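Working notes, beginning with the structure itself.
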Protein chains: 2
Amino acid sequence: PGKKVLIVYAHQEPKSFNGSLLKIAVEELTKQGCSVGRTINNVLLNFPPASPQNDSSLLPTGHLHNPEAFNYAVETWEAYKRGGLSKDLVEEQKKVQEADLLIFQFPLFWFSMPAILKGWMDRVLVQGFAYDLTKANGGGLLQDKLCLFSFTTGGNQEMYSNEAFCGDIRYVLWPMQHGIMHFCGVKVLEPHICYAPEHVSEEKRKEMLTAWTQRLKTLWKEEPIDCSPDWYFK
Amino acid sequence: PGKKVLIVYAHQEPKSFNGSLLKIAVEELTKQGCSVGRTINNVLLNFPPASPQNDSSLLPTGHLHNPEAFNYAVETWEAYKRGGLSKDLVEEQKKVQEADLLIFQFPLFWFSMPAILKGWMDRVLVQGFAYDLTKANGGGLLQDKLCLFSFTTGGNQEMYSNEAFCGDIRYVLWPMQHGIMHFCGVKVLEPHICYAPEHVSEEKRKEMLTAWTQRLKTLWKEEPIDCSPDWYFK
């Protein structure tokens with residue numbers, strides 16, 4: 001109770017299986033006394049813009065640290081330092097900063113996040129806010145937070161093994177869990193994967209939804225996983 | 001000579017290292033007598049939209065195969081079959097269809113493609129056009145084409161090994177090469193990776209640009225690599 005949760009949700013259809021998983025998370029966590037917010041707002045869709053001059057991440061619009069050669073990482077870092085990030089970005093960062101737990105809820109598109117969710121990562125997690133490369137250890141700045149990747153797949157579980165077409169699901173998890181969240185200092189909970197909800201029976205779908213509810217009930221007792229390479233790929 | 005190349009380019013700054021790599025590819029391939037096109041046009045930025053009703057991929061706007069529950073994969077497949085995909089998408093697909101070689105030129109963002117390039121993949125490679133799940137073998141429809149992922153990294157090469165933070169670069173390549181292109185039936189050439197161009201000497205940068213020019217001179221003699229798991233991760 002009292003914990004803050006931010007659900008970063010990337011699906012268009014409330015009646016989808018992802019929509020059901022979102023609804024369950026909001027209801028169950030609210031029941032526990034957590035404060036639950038959700039995002040992705042529409043403003044974040046337009047990323048990246050076609051030209052630096054139109055980059056709505058930077059305020060005042062058109063202000064560039066180095067107008068001679070636009071470097072997104074440098075410009076957003078400088079903007080962060082001078083308080084020159086746009087309002088929508090600052091609001092997203094505030095939500096992240098306040099959250100104890102980030103839940104990413106989405107359908108797997110092409111072995112990865114949908115573009116809109118990748119755009120959220122690209123745009124919100126700027127240097128200065130999420131990490132600091134001038135620090136010795138890579139400098140993840142989002143300490144004392146948990147995250148959880150909850151997603152659906154098109155292929156069934158048998159397709160995700162070293163012997164099958166999709167390969168080990170850990171290859172898919174690697175860029176998201178290790179490459180993004182662990183890099184930023186966020187601790188990673190066991191991912192929650194619903195395989196092929198579109199291709200299973202209604203009964204099986206209900207079981208999957210029940211399993212999510214059950215997991216959420218004891219979520220705060222879970223220990224983070226080690227998503228780093230030492231044991232992960234060997 | 002006579003070969004068609006489509007360069008899918010995702011960087012905002014012509015003066016960037018990515019911009020230089022693009023320029024080299026256009027010049028060298030044109031000199032060889034290839035026809036070279038490039039994309040990403042701005043229309044593709046707005047993806048995915050906030051609601052199915054606003055999905056500009058589908059024509060007429062608002063026409064849905066199943067308005068009760070929006071399913072992007074189903075809707076775009078149905079739209080493809082009835083000729084109901086939007087003009088910008090049809091144009092992108094035509095460029096892909098005509099190309100003998102697709103070159104993806106981009107900076108690696110968060111262990112993956114920038115959101116705009118992921119959006120291009122999500123939106124352009126729809127069922128019916130790029131693959132057909134009703135076929136026995138997964139049904140990649142983009143046969144007799146080559147692709148090449150050419151990208152820059154922030155981290156240097158030493159950071160991409162099983163012992164270092166970023167892990168083996170093949171984990172990064174897996175979703176793009178195997179998960180997307182191989183799935184669609186496109187043959188994959190050796191990736192072209194420029195490590196940390198922002199952090200090396202001017203001389204080293206020139207060497208990297210020269211290496212790209214040299215590689216392009218004999219590109220059409222290259223054999224595709226095997227990007228599938230049998231040898232890839234073992």
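Order determines the names: the first chain of the structure tokens is A, the second B, and so forth; residues in each chain are numbered 1 upward, and ligands are numbered 1 upward as they are shown.
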
Practice task
Within stretch 70-121 of chain B, find each residue whose DSSP state, derived from the backbone, is strand (DSSP E or B), and express the selection as JSON, numbers by chain.
Solution key: {"B": [85, 101, 102, 103, 104, 105, 106, 107, 109, 112]}

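Compared by their closest atoms to B:Lys94, and using only C-alpha atoms, the residues B:Ile116, B:Leu22, B:Leu6, B:Leu146 rank with B:Leu6 nearest.
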
Please report as a Markdown table every residue of stretch 116-171 of chain B lying within 7 Å of stretch 103-109 of chain B, along with the nearest atom pair and their distance in Å (one decimal), using only C-alpha atoms.
| residue | atom | partner | partner_atom | distance |
| --- | --- | --- | --- | --- |
| B:Cys147 | CA | B:Ile103 | CA | 5.7 |
| B:Leu148 | CA | B:Ile103 | CA | 4.9 |
| B:Phe149 | CA | B:Phe104 | CA | 4.9 |
| B:Ser150 | CA | B:Gln105 | CA | 4.9 |
| B:Phe151 | CA | B:Phe106 | CA | 4.9 |
| B:Thr152 | CA | B:Pro107 | CA | 4.7 |
| B:Thr153 | CA | B:Leu108 | CA | 5.3 |

Save the residues we just selected, N, CA and C atoms, as a CSV table (one decimal), in the first residue's frame?
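Saved as selection29.csv:
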chain,number,residue,atom,x,y,z
B,147,CYS,N,19.3,-7.9,-47.9
B,147,CYS,CA,19.3,-6.7,-47.0
B,147,CYS,C,20.7,-6.6,-46.3
B,148,LEU,N,20.9,-5.4,-45.8
B,148,LEU,CA,22.1,-5.1,-45.0
B,148,LEU,C,21.8,-4.1,-44.0
B,149,PHE,N,22.1,-4.5,-42.7
B,149,PHE,CA,22.0,-3.5,-41.6
B,149,PHE,C,23.3,-2.8,-41.4
B,150,SER,N,23.3,-1.5,-41.6
B,150,SER,CA,24.5,-0.7,-41.5
B,150,SER,C,24.2,0.3,-40.4
B,151,PHE,N,24.9,0.2,-39.2
B,151,PHE,CA,24.6,1.1,-38.2
B,151,PHE,C,25.9,1.5,-37.3
B,152,THR,N,25.7,2.6,-36.6
B,152,THR,CA,26.7,3.1,-35.7
B,152,THR,C,26.3,2.8,-34.3
B,153,THR,N,27.3,2.7,-33.4
B,153,THR,CA,27.0,2.4,-32.0
B,153,THR,C,27.6,3.6,-31.2

Practice task
Figure out the distance between atom CA of B:Thr30 and atom CA of B:Asp88, please, to one decimal in Å.
Solution key: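 So the two atoms, atom CA of B:Asp88 and atom CA of B:Thr30, lie 25.1 Å apart.
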
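Pairwise distance (atom CA of B:Lys23, atom CA of B:Gln143) equals 27.4 Å.
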
Would you kindly return, as a CSV table (one decimal) with C-alpha atoms, in the first residue's frame, each protein, DNA or RNA residue with an atom no farther than 9 Å from any atom of stretch 181-194 of chain A, considering only C-alpha atoms and excluding same-chain residues fewer than 5 positions away?
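As a result, around.csv now contains:
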chain,number,residue,atom,x,y,z
A,125,LEU,CA,15.2,8.1,-21.0
A,130,ALA,CA,18.1,8.1,-16.7
A,131,TYR,CA,21.9,7.6,-16.9
A,132,ASP,CA,25.1,9.5,-16.7
A,138,GLY,CA,27.8,3.5,-16.7
A,139,GLY,CA,25.8,5.5,-14.3
A,140,GLY,CA,22.2,4.3,-14.1
A,141,LEU,CA,20.3,7.0,-12.3
A,142,LEU,CA,16.9,5.3,-11.9
A,143,GLN,CA,17.9,3.5,-8.7
A,144,ASP,CA,15.4,1.9,-6.2
A,145,LYS,CA,12.9,1.2,-8.9
A,146,LEU,CA,11.5,-2.1,-10.2
A,147,CYS,CA,10.2,-2.8,-13.7
A,148,LEU,CA,8.3,-5.7,-15.3
A,149,PHE,CA,7.9,-6.4,-19.0
A,150,SER,CA,4.4,-7.9,-19.6
A,151,PHE,CA,3.7,-8.8,-23.1
A,152,THR,CA,1.8,-11.1,-25.5
A,153,THR,CA,3.2,-13.0,-28.4
A,156,ASN,CA,3.2,-20.1,-29.2
A,157,GLN,CA,5.7,-21.1,-26.5
A,173,LEU,CA,14.2,-9.9,-23.6
A,175,PRO,CA,17.7,-5.4,-25.3
A,176,MET,CA,14.7,-4.4,-23.2
A,205,ARG,CA,-7.2,-17.2,-22.0
A,208,MET,CA,-3.8,-16.7,-18.3
A,209,LEU,CA,-5.7,-13.7,-17.0
A,212,TRP,CA,-1.7,-12.5,-13.9
A,219,LEU,CA,4.3,-9.1,-6.6
A,222,GLU,CA,9.3,-10.9,-5.5
A,223,GLU,CA,13.0,-10.5,-5.8
A,224,PRO,CA,14.5,-9.0,-8.9
A,225,ILE,CA,16.0,-11.3,-11.4
A,226,ASP,CA,19.6,-11.1,-12.7
A,227,CYS,CA,19.1,-10.1,-16.3
A,228,SER,CA,22.9,-9.7,-17.0
B,165,PHE,CA,28.3,-4.9,-20.6

Problem - Shell around B:Val5 at 9 Å using only C-alpha atoms, local window under 3 positions removed, as a ChimeraX atom specification - result: /B:29,34-38,96,98-103

Practice task
Kindly give the distance, in Å, that separates atom CA of A:Met113 and atom CA of A:Cys166, rounded to a single decimal.
Solution key: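 About the pair atom CA of A:Met113 and atom CA of A:Cys166: they are 15.3 Å apart.
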
Handout entry: Proximity to A:Ile180 - best of A:Glu13, A:Glu207, A:Val126, A:Gly154, only C-alpha atoms
Key = A:Val126

Exercise for the section: Assign secondary structure with DSSP using the backbone only, and return the residues of stretch 101-177 of chain A in alpha helix (DSSP H) as a ChimeraX atom specification. Expected result: /A:115-124,169-173
